Each structure stands twice: as structure tokens, then as C-alpha cells.
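Asks: So that you have it, the file is data13.pdb, and it contains PDB, C-alpha atoms and all ligand atoms:
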ATOM      1  CA  MET A 983      76.487  79.447-109.016
ATOM      2  CA  SER A 984      74.561  78.222-105.994
ATOM      3  CA  ILE A 985      74.748  74.648-104.784
ATOM      4  CA  ASN A 986      71.627  72.748-105.680
ATOM      5  CA  PRO A 987      70.570  70.469-102.811
ATOM      6  CA  LEU A 988      69.399  67.525-104.872
ATOM      7  CA  LYS A 989      70.311  64.100-103.540
ATOM      8  CA  ILE A 990      71.543  61.455-105.986
ATOM      9  CA  ILE A 991      71.332  57.695-105.404
ATOM     10  CA  GLN A 992      73.462  55.536-107.693
ATOM     11  CA  PHE A 993      72.417  52.013-108.773
ATOM     12  CA  GLU A 994      74.747  49.551-110.467
ATOM     13  CA  LEU A 995      72.700  47.114-112.528
ATOM     14  CA  GLY A 996      72.760  44.598-115.346
ATOM     15  CA  PRO A 997      75.354  42.595-117.258
ATOM     16  CA  MET A 998      77.019  45.693-118.740
ATOM     17  CA  ASP A 999      77.830  47.403-115.417
ATOM     18  CA  ASN A1000      75.316  50.176-116.020
ATOM     19  CA  PHE A1001      74.742  52.970-113.567
ATOM     20  CA  ALA A1002      71.238  54.381-113.164
ATOM     21  CA  TYR A1003      70.274  57.141-110.752
ATOM     22  CA  ILE A1004      67.405  58.460-108.700
ATOM     23  CA  ILE A1005      67.591  62.228-108.171
ATOM     24  CA  ILE A1006      65.596  63.512-105.196
ATOM     25  CA  CYS A1007      64.439  66.982-104.164
ATOM     26  CA  GLU A1008      64.543  66.468-100.417
ATOM     27  CA  GLU A1009      62.359  69.526 -99.768
ATOM     28  CA  THR A1010      59.409  68.060-101.663
ATOM     29  CA  ASN A1011      60.237  64.305-101.907
ATOM     30  CA  ASN A1012      59.776  64.487-105.668
ATOM     31  CA  CYS A1013      62.208  62.359-107.643
ATOM     32  CA  MET A1014      63.223  61.407-111.173
ATOM     33  CA  ILE A1015      64.941  58.278-112.452
ATOM     34  CA  VAL A1016      67.829  58.591-114.899
ATOM     35  CA  ASP A1017      68.247  55.755-117.419
ATOM     36  CA  PRO A1018      65.954  53.151-115.794
ATOM     37  CA  ALA A1019      67.112  49.753-117.016
ATOM     38  CA  TRP A1020      67.631  46.110-115.983
ATOM     39  CA  ASP A1021      65.791  46.096-112.627
ATOM     40  CA  PRO A1022      62.784  48.462-112.626
ATOM     41  CA  GLN A1023      61.468  46.941-109.385
ATOM     42  CA  LYS A1024      64.562  48.167-107.598
ATOM     43  CA  PHE A1025      63.737  51.779-108.477
ATOM     44  CA  ILE A1026      60.085  51.278-107.539
ATOM     45  CA  ARG A1027      61.041  49.753-104.173
ATOM     46  CA  THR A1028      63.378  52.663-103.425
ATOM     47  CA  ILE A1029      60.642  55.153-104.333
ATOM     48  CA  GLU A1030      58.033  53.388-102.177
ATOM     49  CA  GLN A1031      60.315  52.762 -99.188
ATOM     50  CA  ASN A1032      61.334  56.421 -99.066
ATOM     51  CA  SER A1033      57.793  57.769 -99.699
ATOM     52  CA  LEU A1034      58.955  59.572-102.847
ATOM     53  CA  THR A1035      56.789  60.819-105.695
ATOM     54  CA  LEU A1036      58.095  59.959-109.151
ATOM     55  CA  SER A1037      57.724  63.017-111.344
ATOM     56  CA  GLY A1038      59.717  62.042-114.435
ATOM     57  CA  ILE A1039      62.204  59.856-116.283
ATOM     58  CA  LEU A1040      65.391  61.367-117.686
ATOM     59  CA  LEU A1041      67.192  59.563-120.520
ATOM     60  CA  THR A1042      70.772  60.334-121.498
ATOM     61  CA  HIS A1043      70.425  58.456-124.790
ATOM     62  CA  GLY A1044      68.441  55.729-126.503
ATOM     63  CA  HIS A1045      70.623  52.639-126.195
ATOM     64  CA  HIS A1046      68.826  49.576-124.860
ATOM     65  CA  ASP A1047      71.071  49.147-121.817
ATOM     66  CA  HIS A1048      69.903  52.577-120.550
ATOM     67  CA  THR A1049      66.216  52.361-121.480
ATOM     68  CA  ASN A1050      65.032  48.749-121.123
ATOM     69  CA  GLY A1051      63.131  49.447-117.874
ATOM     70  CA  VAL A1052      61.246  52.514-119.110
ATOM     71  CA  ASN A1053      57.978  50.786-119.987
ATOM     72  CA  GLN A1054      57.755  49.010-116.624
ATOM     73  CA  ILE A1055      58.333  52.300-114.832
ATOM     74  CA  LEU A1056      55.576  53.867-116.958
ATOM     75  CA  ASN A1057      53.252  51.031-115.926
ATOM     76  CA  TYR A1058      54.007  51.957-112.316
ATOM     77  CA  LYS A1059      53.440  55.664-112.974
ATOM     78  CA  ASN A1060      52.701  57.441-116.213
ATOM     79  CA  CYS A1061      55.170  60.286-115.803
ATOM     80  CA  PRO A1062      56.832  62.398-118.501
ATOM     81  CA  ILE A1063      60.027  61.220-120.200
ATOM     82  CA  TYR A1064      62.615  63.924-120.789
ATOM     83  CA  TYR A1065      64.332  62.798-123.946
ATOM     84  CA  SER A1066      66.414  64.255-126.755
ATOM     85  CA  ILE A1067      64.284  63.763-129.858
ATOM     86  CA  GLY A1068      67.073  62.341-132.019
ATOM     87  CA  GLU A1069      67.514  59.401-129.617
ATOM     88  CA  ILE A1070      63.937  58.140-129.776
ATOM     89  CA  LYS A1071      64.675  56.125-132.935
ATOM     90  CA  PHE A1072      66.638  53.550-130.930
ATOM     91  CA  GLU A1073      63.844  52.277-128.726
ATOM     92  CA  PRO A1074      60.644  54.344-128.898
ATOM     93  CA  PRO A1075      58.936  54.368-125.455
ATOM     94  CA  LYS A1076      55.313  53.234-125.289
ATOM     95  CA  THR A1077      53.984  56.633-124.267
ATOM     96  CA  ALA A1078      52.979  59.922-125.809
ATOM     97  CA  ASN A1079      54.160  61.669-122.672
ATOM     98  CA  ILE A1080      57.551  62.697-124.058
ATOM     99  CA  ALA A1081      58.966  66.086-123.179
ATOM    100  CA  GLN A1082      61.622  66.796-125.797
ATOM    101  CA  VAL A1083      64.616  68.551-124.326
ATOM    102  CA  LYS A1084      67.663  70.213-125.851
ATOM    103  CA  HIS A1085      70.846  72.004-124.815
ATOM    104  CA  ASN A1086      70.389  74.508-121.971
ATOM    105  CA  ASP A1087      66.794  73.486-121.230
ATOM    106  CA  LYS A1088      65.948  73.333-117.540
ATOM    107  CA  VAL A1089      63.918  70.478-116.078
ATOM    108  CA  LYS A1090      62.095  71.295-112.848
ATOM    109  CA  LEU A1091      62.350  68.726-110.075
ATOM    110  CA  GLY A1092      60.466  69.792-106.954
ATOM    111  CA  ASN A1093      61.897  73.173-105.934
ATOM    112  CA  GLN A1094      65.070  72.696-107.969
ATOM    113  CA  THR A1095      66.146  72.604-111.600
ATOM    114  CA  ILE A1096      68.319  70.275-113.635
ATOM    115  CA  ALA A1097      70.113  71.657-116.696
ATOM    116  CA  VAL A1098      70.238  69.694-119.942
ATOM    117  CA  LEU A1099      73.584  69.695-121.749
ATOM    118  CA  ALA A1100      73.971  68.418-125.314
ATOM    119  CA  THR A1101      76.843  65.913-125.142
ATOM    120  CA  PRO A1102      76.912  64.157-128.544
ATOM    121  CA  GLY A1103      79.627  61.796-129.721
ATOM    122  CA  HIS A1104      78.738  58.356-128.368
ATOM    123  CA  SER A1105      75.354  58.850-130.045
ATOM    124  CA  SER A1106      74.168  61.772-132.144
ATOM    125  CA  ASP A1107      71.768  63.382-129.653
ATOM    126  CA  HIS A1108      73.143  62.189-126.320
ATOM    127  CA  ILE A1109      72.473  64.549-123.408
ATOM    128  CA  SER A1110      73.809  64.898-119.855
ATOM    129  CA  PHE A1111      72.137  66.336-116.771
ATOM    130  CA  TYR A1112      73.801  68.981-114.633
ATOM    131  CA  THR A1113      72.733  70.019-111.188
ATOM    132  CA  ASN A1114      75.545  71.818-109.399
ATOM    133  CA  PRO A1115      77.776  70.159-108.195
ATOM    134  CA  ASN A1116      76.754  66.953-110.016
ATOM    135  CA  LEU A1117      76.913  65.888-113.661
ATOM    136  CA  ILE A1118      75.163  62.729-114.800
ATOM    137  CA  SER A1119      77.218  62.074-117.896
ATOM    138  CA  GLY A1120      75.711  58.879-119.379
ATOM    139  CA  ASP A1121      78.020  57.397-121.988
ATOM    140  CA  ALA A1122      79.849  60.671-122.714
ATOM    141  CA  LEU A1123      82.415  60.735-119.912
ATOM    142  CA  PHE A1124      83.235  57.692-117.763
ATOM    143  CA  ILE A1125      85.607  57.658-114.810
ATOM    144  CA  ASP A1126      88.982  57.223-116.507
ATOM    145  CA  GLY A1127      87.320  56.612-119.862
ATOM    146  CA  CYS A1128      84.786  57.913-122.356
ATOM    147  CA  GLY A1129      82.017  56.428-124.476
ATOM    148  CA  ARG A1130      82.621  54.433-127.630
ATOM    149  CA  CYS A1131      82.613  56.415-130.831
ATOM    150  CA  ASP A1132      82.381  53.537-133.327
ATOM    151  CA  LEU A1133      78.614  52.911-133.129
ATOM    152  CA  PRO A1134      76.047  53.718-135.854
ATOM    153  CA  SER A1135      75.238  57.279-134.704
ATOM    154  CA  SER A1136      78.616  58.027-133.083
ATOM    155  CA  ASN A1137      80.842  60.901-134.099
ATOM    156  CA  ILE A1138      84.361  61.095-132.684
ATOM    157  CA  GLU A1139      84.780  64.812-133.405
ATOM    158  CA  ASP A1140      81.544  65.541-131.573
ATOM    159  CA  MET A1141      82.884  63.545-128.605
ATOM    160  CA  TYR A1142      86.004  65.698-128.558
ATOM    161  CA  HIS A1143      83.815  68.826-128.495
ATOM    162  CA  THR A1144      81.624  67.335-125.742
ATOM    163  CA  LEU A1145      84.538  66.455-123.493
ATOM    164  CA  PHE A1146      86.715  69.500-124.008
ATOM    165  CA  ASN A1147      84.231  72.313-124.667
ATOM    166  CA  VAL A1148      81.137  71.223-122.759
ATOM    167  CA  ILE A1149      82.152  69.031-119.812
ATOM    168  CA  LEU A1150      85.521  70.613-119.090
ATOM    169  CA  SER A1151      83.866  74.039-119.033
ATOM    170  CA  LEU A1152      82.012  73.030-115.844
ATOM    171  CA  PRO A1153      83.556  73.834-112.432
ATOM    172  CA  GLU A1154      86.486  71.573-111.494
ATOM    173  CA  GLU A1155      84.696  70.435-108.314
ATOM    174  CA  THR A1156      81.885  68.940-110.419
ATOM    175  CA  LEU A1157      81.261  65.298-109.554
ATOM    176  CA  ILE A1158      80.918  62.987-112.533
ATOM    177  CA  HIS A1159      78.219  60.294-112.319
ATOM    178  CA  PRO A1160      78.801  58.071-115.370
ATOM    179  CA  GLY A1161      76.549  55.636-117.242
ATOM    180  CA  HIS A1162      78.761  52.595-116.636
ATOM    181  CA  ASN A1163      81.089  51.370-113.915
ATOM    182  CA  TYR A1164      84.267  50.913-115.918
ATOM    183  CA  SER A1165      86.692  52.031-113.198
ATOM    184  CA  ASP A1166      87.528  51.248-109.591
ATOM    185  CA  LYS A1167      85.903  54.578-108.654
ATOM    186  CA  LYS A1168      82.157  55.122-108.968
ATOM    187  CA  THR A1169      82.408  58.884-109.133
ATOM    188  CA  ASP A1170      85.176  61.473-109.313
ATOM    189  CA  THR A1171      85.699  65.190-109.763
ATOM    190  CA  ILE A1172      86.516  66.838-113.059
ATOM    191  CA  LYS A1173      89.684  68.104-111.355
ATOM    192  CA  ASN A1174      90.921  64.540-110.712
ATOM    193  CA  GLN A1175      89.764  63.278-114.085
ATOM    194  CA  LYS A1176      91.861  65.916-115.829
ATOM    195  CA  LYS A1177      94.848  64.202-114.205
ATOM    196  CA  THR A1178      93.949  60.516-114.521
ATOM    197  CA  ASN A1179      91.636  60.174-117.550
ATOM    198  CA  ARG A1180      93.888  59.487-120.514
ATOM    199  CA  PHE A1181      91.327  60.836-122.975
ATOM    200  CA  LEU A1182      91.078  64.147-121.099
ATOM    201  CA  ARG A1183      94.865  64.329-121.065
ATOM    202  CA  SER A1184      94.945  64.539-124.877
ATOM    203  CA  LYS A1185      96.852  67.631-126.004
ATOM    204  CA  ASN A1186      94.656  68.216-129.051
ATOM    205  CA  LYS A1187      91.858  66.733-131.158
ATOM    206  CA  LYS A1188      94.252  64.659-133.250
ATOM    207  CA  GLU A1189      95.704  62.960-130.175
ATOM    208  CA  PHE A1190      92.232  62.362-128.740
ATOM    209  CA  ILE A1191      91.036  60.742-131.984
ATOM    210  CA  ARG A1192      94.104  58.538-132.123
ATOM    211  CA  LYS A1193      93.569  57.347-128.539
ATOM    212  CA  ARG A1194      89.810  56.835-128.921
ATOM    213  CA  ASN A1195      90.403  54.805-132.083
ATOM    214  CA  GLY A1196      92.745  52.596-130.089
ATOM    215  CA  PHE A1197      96.059  53.538-131.623
TER     216      PHE A1197
HETATM  217 FE    FE B1201      75.327  53.730-124.990
END
Now, as a test, write the supplied structure out as C-alpha cells.
Ligand SMILES: [Fe+2]
Replies:
Amino acid sequence: MSINPLKIIQFELGPMDNFAYIIICEETNNCMIVDPAWDPQKFIRTIEQNSLTLSGILLTHGHHDHTNGVNQILNYKNCPIYYSIGEIKFEPPKTANIAQVKHNDKVKLGNQTIAVLATPGHSSDHISFYTNPNLISGDALFIDGCGRCDLPSSNIEDMYHTLFNVILSLPEETLIHPGHNYSDKKTDTIKNQKKTNRFLRSKNKKEFIRKRNGF
């Protein structure tokens, strides 16, 4: 698999230690924002100061702490939102410009592509965005943690599948870019996380479920 030269800028914002991202195709200066929340002006300033063109919004899932800046970004520029249809129920965006995406879809950003991975568990239709060597994992995988599975559309068995069959099937050098800063590291490789993330160290589904349920 070839390395995809997309640049990723990480933003830590809001009272829940959220991470949002701007992904940039440096060949074309096109960019997309992932999970714009809490401080939309910060994204807009970054876009303007770097003479970027915003070509889309990517949403990992529909929870308010990942989406509460969407409408202000749309007021700045009416760009498409790449969204998993099952997540729209949480906080429907004020736009008809929604490009529904599902597992294995490819989103074009400038001269590059970003792959959509279905990563349910924290919420029923949660997705992650993969652009070798980077994975933006939302509230599926955190550094040394994983998303809650006790929320209304959560499913703990789906989370096990997401972590062990979807995310751990990516190359070990993959860099994880999570949806919250719940660790002393802001990013890490899958290789390291297999050693230090207690959820990924589960020997089987039963052990994972026991740990995730807090026992
Ligand atoms: Fe969430």
C-alpha cells in the first residue's frame, strides 16, 4: 500500500478533551475538517491563514461533542458532509448536502483518497477514516482506551469486532488519531497500542467485555 501524503493537523478543544482534525492535500491545498466542534472559528482561521480550500466535513459519529460546530462551518462554506446515515438521528445538520458513506467507500480529497471504515460499538453507525499511515478513529479506539459502550446506540460486541477485526487488521505502523485526549500521548501506533492498551490486550471477547463493563 502506498503512503498517502495527506497532512493532518490535530486540535484539542472543548470541555470534554475532544480532538478534531484538519486533513490537507498539500498538492492542491484542499482540506476537510473531521468532527468540527466547540471552536469553529479556530478551524476557519487555520483554513484562511494557510490559504486552504475547504472541500468537505467528515463526521465519525453523531454525538454533540463531535458535531456542535458543523452549522457554523456550513455558514462559512456550504460544503458536503460525509456522514454515516445511521448517525444523523443524533443531531441532524442544517443542510441537504449530505454524502452518505459506508464501509470501504473512498472520499476524494484533492489528489488523494480517504477510506471509510465502519467501526460500530460506541454508536451503531460510527465510522473511522483511514489514509495510510493514519487512522482517525473517533470514539472507537483511544490511546490506551476505547469508547464507551453503555450509551443508547452502543453495542459492546460490535466494539470488540471493530477493535480486533477492523482496526487491528490495519498495518502495525498505523498512527491512531483519536476523538478524545484521554491519555498522556496524543497519538500512537497500533504496534505500541497492542502492548499498552488494556482493552487491546484482551485474550478474547469475554475478557474484553468484562474489562469494558468495568469488572
Ligand atoms: Fe461519542
Asks: Just want the residues within 12 Å of ligand FE 1201 (chain B), written as JSON, numbers by chain, counting only C-alpha atoms and all ligand atoms.
Replies: {"A": [998, 999, 1000, 1001, 1017, 1041, 1042, 1043, 1044, 1045, 1046, 1047, 1048, 1049, 1069, 1072, 1102, 1103, 1104, 1105, 1106, 1107, 1108, 1109, 1119, 1120, 1121, 1122, 1123, 1124, 1128, 1129, 1130, 1131, 1132, 1133, 1134, 1135, 1136, 1160, 1161, 1162]}
Asks: Find the distance between atom CA of Arg1180 of chain A and atom CA of Asp1126 of chain A and write it in Å to one decimal.
Replies: 6.7 Å
Asks: Find the residues around segment 1021-1035 of chain A up to 6 Å (all atoms listed in the file counted), leave out those fewer than 3 positions away in its own chain, and share them as a ChimeraX atom specification.
Replies: /A:1011-1013,1051
Asks: Which residues, written as a PDB file with C-alpha atoms, in the frame of the given file, have at least one atom at most 9 Å from Leu1091 of chain A, with only C-alpha atoms counted and residues fewer than 6 positions away on the same chain left out?
Replies:
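Saved the output as result_32.pdb:
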ATOM      1  CA  LEU A 988      69.399  67.525-104.872  1.00  0.00           C
ATOM      2  CA  ILE A1005      67.591  62.228-108.171  1.00  0.00           C
ATOM      3  CA  ILE A1006      65.596  63.512-105.196  1.00  0.00           C
ATOM      4  CA  CYS A1007      64.439  66.982-104.164  1.00  0.00           C
ATOM      5  CA  THR A1010      59.409  68.060-101.663  1.00  0.00           C
ATOM      6  CA  ASN A1012      59.776  64.487-105.668  1.00  0.00           C
ATOM      7  CA  CYS A1013      62.208  62.359-107.643  1.00  0.00           C
ATOM      8  CA  MET A1014      63.223  61.407-111.173  1.00  0.00           C
ATOM      9  CA  SER A1037      57.724  63.017-111.344  1.00  0.00           C
ATOM     10  CA  GLY A1038      59.717  62.042-114.435  1.00  0.00           C
TER      11      GLY A1038
END
Asks: Identify, on the basis of only C-alpha atoms, every residue whose closest approach to Ile1125 of chain A does not exceed 10 Å; exclude the query and any residue fewer than 3 positions from it along the same chain; express the result as a list in words.
Replies: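 That gives Ser1119, Cys1128, Ile1158, His1159, Pro1160, Gly1161, His1162, Asn1163, Tyr1164, Ser1165, Asp1166, Lys1167, Lys1168, Thr1169, Asp1170, Thr1171, Ile1172, Asn1174, Gln1175, Thr1178 and Asn1179 of chain A.
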Asks: Please provide the set of residues having any atom within 9 Å of segment 1083-1086 of chain A, restricted to only C-alpha atoms, with same-chain residues fewer than 4 positions apart removed, written as a PyMOL selection string.
Replies: chain A and resi 1064-1067+1097-1101+1107+1109
Asks: For Ala1019 of chain A, which residue out of A:Leu1036, A:Tyr1112, A:Ile1070, A:Ile1055 is the nearest one, using only C-alpha atoms?
Replies: A:Ile1055
Asks: Once the PyMOL selection byres (((chain A and resi 1114) around 10) and not hetatm) has been evaluated on this model, what residues remain selected, and can you format them as a PyMOL selection string?
Replies: chain A and resi 983-988+1095-1097+1111-1113+1115-1117+1152-1153+1155-1157
Asks: If the PyMOL selection byres (((chain A and resi 1194) around 8) and not hetatm) is run on the structure shown, which residues does it catch, given as number ranges by chain?
Replies: A: 1130-1131, 1138, 1181, 1190-1193, 1195-1197
Asks: Which residue is closest to Glu1008 of chain A? Choose from A:Asn1093, A:Ser1110, A:Asn1060, A:Asn1053 and count only C-alpha atoms.
Replies: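 Closest to Glu1008 of chain A of all the choices is A:Asn1093.
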Asks: Every residue with an atom at most 7 Å from (91.3, 65.8, -128.1) (file coordinates; all atoms listed in the file) is what I'm after, so could you write them as a ChimeraX atom specification?
Replies: /A:1142,1184-1191
Asks: Go ahead and compute the interatomic distance for atom CA of Lys1088 of chain A and atom CA of Leu1150 of chain A, in Å to one decimal.
Replies: 19.8 Å
